[in-house]
Amino acid sequence: MGKRIIISVISLVFLLLSSCSTCKPVLYPNEHYRQVGAEQAEKDVRAALDAARRAGLDNTSSSNRTLAKSASRNAASAGVNTAVGAASGGIGAGTAISTAGSGTNFLIDWMFTPKTPDPCFRKYVELTLKKQGYQVIGWK
């Protein structure tokens, strides 16, 4: 049973790490976009994202902060359940069940929490692109 839990935890970690990419602005194909082309527009978007980071703006989404709270809440819950299991003499099964439940709870929080960039970061990028002639229609 312990091996399955370890594999589940490792899978969850890889899943979470793969989700850490930030959203990018979606550009409207206006006249400027058509003139420079998709390849140059993508370079300009990357440059705007980098400029916002260099300006010291945090591109961590508010959803990541929510997920951090969820992770700490679930860890605390698992710790309490483990302590109760140890006190009652059934630490193995209680810990396994608690860990699985906490991991599932966190995964559900992660799946259904919208991923959006920090509002100041997003505005900086949008203004940078607007000055170049692009129109941002959203983030994805």
# chains A, B, ... in the order shown; residues from 1 in each chain; ligands from 1
call {"tool": "residues_around", "arguments": {"residues": "A:Arg122", "least_positions_apart": "5", "cutoff": "9 Å", "atoms": "only C-alpha atoms", "output": "PyMOL selection string"}}
result
chain A and resi 24-25+49+52+59+116-117+127+139
call {"tool": "residues_around", "arguments": {"residues": "A:Ala47", "least_positions_apart": "2", "cutoff": "12 Å", "atoms": "only C-alpha atoms", "output": "ChimeraX atom specification"}}
result
/A:24,40-45,49-54,124-126,128-129,132
call {"tool": "write_last_selection", "arguments": {"atoms": "N, CA and C atoms", "output": "PDB file, in the first residue's frame"}}
result
ATOM      1  N   LYS A  24      -0.782  33.657 -21.174  1.00  0.00           N
ATOM      2  CA  LYS A  24      -0.220  34.636 -22.105  1.00  0.00           C
ATOM      3  C   LYS A  24      -1.366  35.440 -22.704  1.00  0.00           C
ATOM      4  N   GLN A  40       6.636  37.455 -35.249  1.00  0.00           N
ATOM      5  CA  GLN A  40       7.115  38.669 -34.580  1.00  0.00           C
ATOM      6  C   GLN A  40       6.196  39.032 -33.407  1.00  0.00           C
ATOM      7  N   ALA A  41       4.905  38.846 -33.588  1.00  0.00           N
ATOM      8  CA  ALA A  41       3.954  39.140 -32.510  1.00  0.00           C
ATOM      9  C   ALA A  41       4.262  38.273 -31.287  1.00  0.00           C
ATOM     10  N   GLU A  42       4.576  37.015 -31.505  1.00  0.00           N
ATOM     11  CA  GLU A  42       4.925  36.110 -30.393  1.00  0.00           C
ATOM     12  C   GLU A  42       6.199  36.579 -29.694  1.00  0.00           C
ATOM     13  N   LYS A  43       7.180  37.032 -30.468  1.00  0.00           N
ATOM     14  CA  LYS A  43       8.412  37.572 -29.869  1.00  0.00           C
ATOM     15  C   LYS A  43       8.105  38.811 -29.034  1.00  0.00           C
ATOM     16  N   ASP A  44       7.228  39.666 -29.546  1.00  0.00           N
ATOM     17  CA  ASP A  44       6.868  40.884 -28.821  1.00  0.00           C
ATOM     18  C   ASP A  44       6.119  40.558 -27.523  1.00  0.00           C
ATOM     19  N   VAL A  45       5.280  39.539 -27.554  1.00  0.00           N
ATOM     20  CA  VAL A  45       4.574  39.110 -26.339  1.00  0.00           C
ATOM     21  C   VAL A  45       5.578  38.609 -25.305  1.00  0.00           C
ATOM     22  N   LEU A  49       6.280  40.196 -21.576  1.00  0.00           N
ATOM     23  CA  LEU A  49       6.223  39.385 -20.348  1.00  0.00           C
ATOM     24  C   LEU A  49       7.533  39.506 -19.574  1.00  0.00           C
ATOM     25  N   ASP A  50       8.653  39.431 -20.296  1.00  0.00           N
ATOM     26  CA  ASP A  50       9.968  39.570 -19.656  1.00  0.00           C
ATOM     27  C   ASP A  50      10.148  40.957 -19.052  1.00  0.00           C
ATOM     28  N   ALA A  51       9.681  41.993 -19.756  1.00  0.00           N
ATOM     29  CA  ALA A  51       9.812  43.365 -19.257  1.00  0.00           C
ATOM     30  C   ALA A  51       9.025  43.533 -17.957  1.00  0.00           C
ATOM     31  N   ALA A  52       7.857  42.952 -17.879  1.00  0.00           N
ATOM     32  CA  ALA A  52       7.049  43.040 -16.654  1.00  0.00           C
ATOM     33  C   ALA A  52       7.765  42.354 -15.491  1.00  0.00           C
ATOM     34  N   ARG A  53       8.385  41.209 -15.756  1.00  0.00           N
ATOM     35  CA  ARG A  53       9.142  40.504 -14.701  1.00  0.00           C
ATOM     36  C   ARG A  53      10.344  41.337 -14.261  1.00  0.00           C
ATOM     37  N   ARG A  54      11.062  41.916 -15.232  1.00  0.00           N
ATOM     38  CA  ARG A  54      12.228  42.757 -14.902  1.00  0.00           C
ATOM     39  C   ARG A  54      11.821  43.994 -14.112  1.00  0.00           C
ATOM     40  N   TYR A 124       0.488  45.711 -17.022  1.00  0.00           N
ATOM     41  CA  TYR A 124       1.793  46.150 -17.535  1.00  0.00           C
ATOM     42  C   TYR A 124       2.033  45.568 -18.932  1.00  0.00           C
ATOM     43  N   VAL A 125       1.789  44.278 -19.077  1.00  0.00           N
ATOM     44  CA  VAL A 125       1.999  43.606 -20.363  1.00  0.00           C
ATOM     45  C   VAL A 125       1.056  44.182 -21.421  1.00  0.00           C
ATOM     46  N   GLU A 126      -0.202  44.376 -21.040  1.00  0.00           N
ATOM     47  CA  GLU A 126      -1.177  44.904 -21.994  1.00  0.00           C
ATOM     48  C   GLU A 126      -0.804  46.309 -22.463  1.00  0.00           C
ATOM     49  N   THR A 128       2.221  47.630 -22.506  1.00  0.00           N
ATOM     50  CA  THR A 128       3.425  47.501 -23.325  1.00  0.00           C
ATOM     51  C   THR A 128       3.062  47.109 -24.755  1.00  0.00           C
ATOM     52  N   LEU A 129       2.177  46.140 -24.886  1.00  0.00           N
ATOM     53  CA  LEU A 129       1.774  45.682 -26.219  1.00  0.00           C
ATOM     54  C   LEU A 129       0.932  46.732 -26.946  1.00  0.00           C
ATOM     55  N   GLN A 132       2.875  49.281 -28.716  1.00  0.00           N
ATOM     56  CA  GLN A 132       3.488  48.770 -29.949  1.00  0.00           C
ATOM     57  C   GLN A 132       2.461  48.632 -31.066  1.00  0.00           C
TER      58      GLN A 132
END
call {"tool": "closest_residue", "arguments": {"among": "A:Lys3, A:Arg34, A:Cys120, A:Glu39", "to": "A:Tyr134", "atoms": "only C-alpha atoms"}}
result
A:Arg34
call {"tool": "closest_residue", "arguments": {"among": "A:Arg46, A:Ala38, A:Leu27, A:Arg4", "to": "A:Lys130", "atoms": "only C-alpha atoms"}}
result
A:Leu27
